[in-house]
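To start, the structure under review is shown below, and the notes come after it.
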Amino acid sequence: MVDSLGVAVVGFGWMGRVHTQAYSRVLHHYPRLGLRPELVMVAEEVPGRAEEAAAQFGFASTTRNWRDVAADPRVQAVSVTAPNFLHREIGVAMAEAGKHLWIEKPVGLSAEDARAVADAAGKAGVHSAVGFNYRNAPAVEAARALIASGDIGTVTHVRIRLFSDYAAHPEGALTWRYEKERGGSGVLGDLASHGADLARYLLGDIASLTADTAIFVPERARPTGATAGHSRASGGELGPVENEDYVNCLLRFASGARGVLEACRVSVGEQNNYGFEVHGTKGAVFWDFRRMNEFGVSRGTGYQDQPVSTVYVGPGDGEFGAFQPGAANAMGYDDLKVVEAYRFLRSIAEGTSYGATLADAVHSAVVLDAMARSAETGAWVSL
């Protein structure tokens with residue numbers, strides 16, 4: 001007998017849709033999970049959007065007020081995919097109502113916000129998952145294991161990049177993402193949060209950093225109606241972009257390794273160019289999200305002119321076997337969110353945390369706050 005778990009989704013833009021699809025697919029890939037997610041409620045303030053979601057995915061009920069989700073006894077777990085400025089209020093309220101939380105990064109506008117949600121979840125004894133999806137790629141998990149094994153020697157330095165063009169068009173609408181009050185940091189929260197998580201996931205704690213930021217598209221047109229994703233708006237009243245388009249950051253790890261983290265949302269010609277290069281005293285590991293199911297490895301005793309081999313992940317790597325039967329069969333982005341859903345639900349079923357949690361969100365948020373302070377002062381910041 002598989003127990004059912006009432007789930008709700010708060011905020012039904014693109015990410016709310018991704019979470020919903022992950023709930024719908026999770027038992028296809030993990031039939032022995034022991035919990036069956038039931039789509040109980042969807043909350044979305046844009047008129048008509050919740051009803052469309054219910055018609056397409058089968059949510060039992062809809063609301064425009066997320067507080068109805070917190071009050072509904074049918075709901076046992078909640079996906080929070082609303083705008084950043086709502087994460088703290090919604091996350092704390094859901095935790096206090098005893099709902100398990102799957103919440104998107106960066107969990108609010110600051111480390112203080114992330115801690116507030118984490119503290120509320122801890123006091124309530126609910127389980128959590130956070131949307132650091134890139135760590136769920138089987139190639140990333142395999143790379144982490146290889147680094148930990150010492151196959152590339154002692155890690156000396158890493159470069160983490162997150163370049164995209166989703167905000168490159170000058171007619172991109174001035175949505176909440178570009179406002180400090182509602183979006184918080186810009187590319188820090190959108191992309192560098194993933195970089196901070198990957199850095200710690202692969203190499204351990206960051207000891208100190210120094211960062212520089214820039215705004216390259218200083219004004220955008222205000223939208224005249226509801227928006228989703230990265231909509232365009234031309235002809236509207238222009239307003240200022242208040243948060244950063246770009247960040248570069250030098251990292252010093254507790255291990256003694258050094259790092260560079262660079263992220264940009266206005267990189268023309270770059271579409272989801274996310275990845276890392278980790279160098280050690282005997283070799284290196286390379287990963288590119290656009291070729292998600294493979295990674296490059298250099299190891300041996302050659303040091304100079306040592307070749308790099310391409311390794312295709314297979315059923316023995318991470319969660320690959322739940323999706324594909326053999327190496328070099330491709331997984332995609334949405335599969336990473338199914339892995340996230342599985343680990344979230346497994347945490348609830350077994351009472352033990354799996355995958356990224358609110359504790360990881362706090363660590364990432366501390367790094368982002370340090371980047372912002374460093375960019376403002378021009379100084380190194382210790383964590």
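Lettering and numbering for the structure tokens are positional, with chains as A, B, ... in the shown order, residues counted from 1 in each chain, and ligands counted from 1 in the shown order.
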
Give me, as a PyMOL selection string, the residues of range 166-356 of chain A that a backbone DSSP run labels helix (DSSP H, G or I). chain A and resi 176-178+180-183+187-203+289-291+320-322+333-350

Please write the residues from the selection above to a file, keeping N, CA and C atoms, as a short mmCIF file (atom, residue, chain, number, x, y, z; two decimals), in the first residue's frame.
```cif
data_model
loop_
_atom_site.label_atom_id
_atom_site.label_comp_id
_atom_site.auth_asym_id
_atom_site.auth_seq_id
_atom_site.Cartn_x
_atom_site.Cartn_y
_atom_site.Cartn_z
N TRP A 176 9.54 42.20 -11.22
CA TRP A 176 10.03 42.17 -9.84
C TRP A 176 11.48 41.72 -9.75
N ARG A 177 11.94 40.97 -10.72
CA ARG A 177 13.31 40.44 -10.67
C ARG A 177 14.36 41.56 -10.64
N TYR A 178 14.02 42.72 -11.16
CA TYR A 178 14.99 43.80 -11.28
C TYR A 178 14.87 44.84 -10.16
N LYS A 180 15.10 45.74 -6.04
CA LYS A 180 15.71 45.26 -4.80
C LYS A 180 14.65 44.84 -3.77
N GLU A 181 13.55 45.59 -3.71
CA GLU A 181 12.55 45.32 -2.69
C GLU A 181 11.87 43.97 -2.91
N ARG A 182 11.64 43.60 -4.15
CA ARG A 182 10.93 42.35 -4.43
C ARG A 182 11.85 41.25 -4.96
N GLY A 183 12.89 41.61 -5.70
CA GLY A 183 13.79 40.61 -6.25
C GLY A 183 15.05 40.42 -5.43
N VAL A 187 21.51 38.97 -10.40
CA VAL A 187 22.15 37.73 -10.84
C VAL A 187 22.75 36.96 -9.66
N LEU A 188 22.95 37.62 -8.52
CA LEU A 188 23.41 36.88 -7.34
C LEU A 188 22.40 35.82 -6.94
N GLY A 189 21.14 36.23 -6.77
CA GLY A 189 20.12 35.28 -6.38
C GLY A 189 19.74 34.32 -7.50
N ASP A 190 19.67 34.82 -8.74
CA ASP A 190 19.25 34.00 -9.86
C ASP A 190 20.25 32.89 -10.19
N LEU A 191 21.53 33.26 -10.32
CA LEU A 191 22.53 32.32 -10.83
C LEU A 191 23.67 32.06 -9.85
N ALA A 192 24.21 33.12 -9.24
CA ALA A 192 25.36 32.93 -8.35
C ALA A 192 24.99 32.07 -7.14
N SER A 193 23.71 32.03 -6.77
CA SER A 193 23.29 31.16 -5.68
C SER A 193 23.59 29.70 -6.02
N HIS A 194 23.36 29.32 -7.28
CA HIS A 194 23.71 27.97 -7.72
C HIS A 194 25.23 27.77 -7.66
N GLY A 195 25.97 28.79 -8.08
CA GLY A 195 27.43 28.69 -8.06
C GLY A 195 27.97 28.53 -6.66
N ALA A 196 27.40 29.29 -5.71
CA ALA A 196 27.84 29.17 -4.32
C ALA A 196 27.55 27.77 -3.78
N ASP A 197 26.38 27.23 -4.15
CA ASP A 197 26.05 25.88 -3.69
C ASP A 197 26.98 24.85 -4.31
N LEU A 198 27.24 24.96 -5.61
CA LEU A 198 28.14 24.01 -6.27
C LEU A 198 29.54 24.08 -5.67
N ALA A 199 30.01 25.29 -5.40
CA ALA A 199 31.36 25.45 -4.83
C ALA A 199 31.47 24.70 -3.51
N ARG A 200 30.50 24.88 -2.64
CA ARG A 200 30.54 24.20 -1.34
C ARG A 200 30.30 22.70 -1.49
N TYR A 201 29.39 22.31 -2.37
CA TYR A 201 29.08 20.90 -2.60
C TYR A 201 30.31 20.14 -3.09
N LEU A 202 31.09 20.77 -3.95
CA LEU A 202 32.26 20.10 -4.54
C LEU A 202 33.50 20.19 -3.66
N LEU A 203 33.71 21.36 -3.03
CA LEU A 203 35.01 21.62 -2.39
C LEU A 203 34.94 21.96 -0.91
N PHE A 289 26.92 22.15 -18.20
CA PHE A 289 25.50 21.80 -18.12
C PHE A 289 24.90 21.51 -19.48
N ARG A 290 25.39 22.17 -20.52
CA ARG A 290 24.82 21.97 -21.85
C ARG A 290 25.14 20.57 -22.40
N ARG A 291 26.10 19.92 -21.78
CA ARG A 291 26.40 18.51 -22.08
C ARG A 291 26.32 17.76 -20.75
N PHE A 320 20.97 8.37 -12.17
CA PHE A 320 20.85 8.12 -13.61
C PHE A 320 20.01 6.88 -13.90
N GLY A 321 20.21 5.82 -13.12
CA GLY A 321 19.54 4.56 -13.38
C GLY A 321 18.03 4.62 -13.26
N ALA A 322 17.51 5.64 -12.59
CA ALA A 322 16.05 5.79 -12.49
C ALA A 322 15.45 6.34 -13.77
N TYR A 333 16.93 18.72 -18.11
CA TYR A 333 16.75 19.60 -16.96
C TYR A 333 15.59 19.17 -16.08
N ASP A 334 14.43 18.92 -16.69
CA ASP A 334 13.26 18.57 -15.89
C ASP A 334 13.49 17.30 -15.08
N ASP A 335 14.35 16.39 -15.57
CA ASP A 335 14.67 15.19 -14.81
C ASP A 335 15.35 15.54 -13.49
N LEU A 336 16.15 16.61 -13.48
CA LEU A 336 16.83 17.01 -12.25
C LEU A 336 15.81 17.43 -11.20
N LYS A 337 14.70 18.01 -11.64
CA LYS A 337 13.66 18.40 -10.68
C LYS A 337 12.86 17.18 -10.21
N VAL A 338 12.77 16.15 -11.04
CA VAL A 338 12.16 14.90 -10.58
C VAL A 338 13.03 14.28 -9.49
N VAL A 339 14.36 14.32 -9.68
CA VAL A 339 15.27 13.84 -8.63
C VAL A 339 15.05 14.64 -7.35
N GLU A 340 14.90 15.95 -7.49
CA GLU A 340 14.67 16.82 -6.34
C GLU A 340 13.37 16.44 -5.62
N ALA A 341 12.31 16.22 -6.41
CA ALA A 341 11.04 15.81 -5.83
C ALA A 341 11.17 14.48 -5.10
N TYR A 342 11.88 13.54 -5.71
CA TYR A 342 12.09 12.23 -5.09
C TYR A 342 12.80 12.36 -3.76
N ARG A 343 13.86 13.14 -3.72
CA ARG A 343 14.62 13.27 -2.48
C ARG A 343 13.81 13.99 -1.40
N PHE A 344 13.01 14.95 -1.81
CA PHE A 344 12.11 15.64 -0.88
C PHE A 344 11.10 14.66 -0.29
N LEU A 345 10.43 13.91 -1.15
CA LEU A 345 9.41 12.97 -0.68
C LEU A 345 10.03 11.83 0.11
N ARG A 346 11.20 11.38 -0.29
CA ARG A 346 11.88 10.33 0.46
C ARG A 346 12.23 10.81 1.86
N SER A 347 12.64 12.07 1.97
CA SER A 347 12.94 12.64 3.29
C SER A 347 11.72 12.57 4.20
N ILE A 348 10.55 12.90 3.63
CA ILE A 348 9.32 12.86 4.41
C ILE A 348 8.98 11.42 4.79
N ALA A 349 9.13 10.50 3.82
CA ALA A 349 8.75 9.10 4.06
C ALA A 349 9.64 8.43 5.10
N GLU A 350 10.94 8.75 5.06
CA GLU A 350 11.89 8.05 5.91
C GLU A 350 12.33 8.84 7.14
#
```

Just the residues within 10 Å of range 358-363 of chain A, please, counting only C-alpha atoms, with nothing from its chain fewer than 5 positions along; format it as a PyMOL selection string. chain A and resi 101-108+110-119+121-122+127-132+193-194+196-197+200-201+205-206+368+383

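Neighbours of Arg36 in chain A closer than or equal to 8 Å, with only C-alpha atoms counted and sequence neighbours fewer than 3 positions away skipped, come out as Val2, Asp3, Ser4, Leu5, Leu27 and Leu33 of chain A.
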
Excluding range 258-271 of chain A and its own-chain neighbours fewer than 3 positions away, which residues fall within 9 Å of it when counting only C-alpha atoms? Please give them as a ChimeraX atom specification. /A:155-169,186-188,190-192,195-196,199,216-217,244-253,255,274,278,290

Long-range neighbours of Glu96 in chain A as a VMD selection string, 9 Å cut-off, only C-alpha atoms, 4 positions minimum in chain: chain A and resid 70 91 to 92 120 to 121 123 to 124

Hey, what does DSSP flag as strand (DSSP E or B) within range 66-175 of chain A? Can you give it to me as JSON, numbers by chain? {"A": [77, 78, 79, 80, 100, 101, 102, 103, 128, 129, 130, 155, 156, 157, 158, 159, 160, 161, 162, 163, 172]}

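Counting from CA of His29 in chain A, the distance to CA of Tyr312 in chain A is 20.5 Å.
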
Closest of A:Ser149, A:Ser208, A:Asn65, A:Ser309 to Ser382 in chain A - atom-to-atom distances counting only C-alpha atoms: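 Answer, going by the shortest atom-to-atom distance: A:Ser208.
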
Report, in Å with one decimal, the straight-line distance from CA of Met331 in chain A to CA of Asn84 in chain A.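 These atoms are spaced 28.3 Å apart.
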
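Picture a line from CA of Val313 in chain A to CA of Ala143 in chain A; it runs 10.1 Å.
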
Find the residues around Arg67 in chain A up to 9 Å (only C-alpha atoms counted), leave out those fewer than 6 positions away in its own chain, and share them as a short mmCIF file (atom, residue, chain, number, x, y, z; two decimals) with N, CA and C atoms, in the first residue's frame.
```
data_model
loop_
_atom_site.label_atom_id
_atom_site.label_comp_id
_atom_site.auth_asym_id
_atom_site.auth_seq_id
_atom_site.Cartn_x
_atom_site.Cartn_y
_atom_site.Cartn_z
N ALA A 43 -2.04 27.71 -5.79
CA ALA A 43 -2.30 29.11 -5.44
C ALA A 43 -1.55 30.01 -6.41
N ILE A 90 5.90 33.27 3.16
CA ILE A 90 5.20 32.02 2.83
C ILE A 90 5.88 30.84 3.48
N ALA A 93 5.24 30.70 7.23
CA ALA A 93 3.84 30.37 7.51
C ALA A 93 3.55 28.89 7.23
N MET A 94 4.09 28.37 6.15
CA MET A 94 3.86 26.96 5.82
C MET A 94 4.50 26.04 6.86
#
```

I want to know what sits within 10 Å of Pro47 in chain A, based on only C-alpha atoms, with residues of the same chain fewer than 3 positions away left out; could you give that as a list in words? Glu44, Ala50, Glu51, Glu52, Thr63, Arg64 and Ala226 of chain A

Taking only C-alpha atoms into account, which of A:Pro83, A:Asp72, A:Ala137, A:Arg222 comes nearest Gly332 in chain A?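 So, comparing all the options, the nearest one is A:Ala137.
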
For Glu319 in chain A, which residue out of A:Gly302, A:Gly355, A:Gly13, A:Gly256 is the nearest one, using only C-alpha atoms?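 Nearest candidate to Glu319 in chain A out of A:Gly302, A:Gly355, A:Gly13, A:Gly256: A:Gly355.
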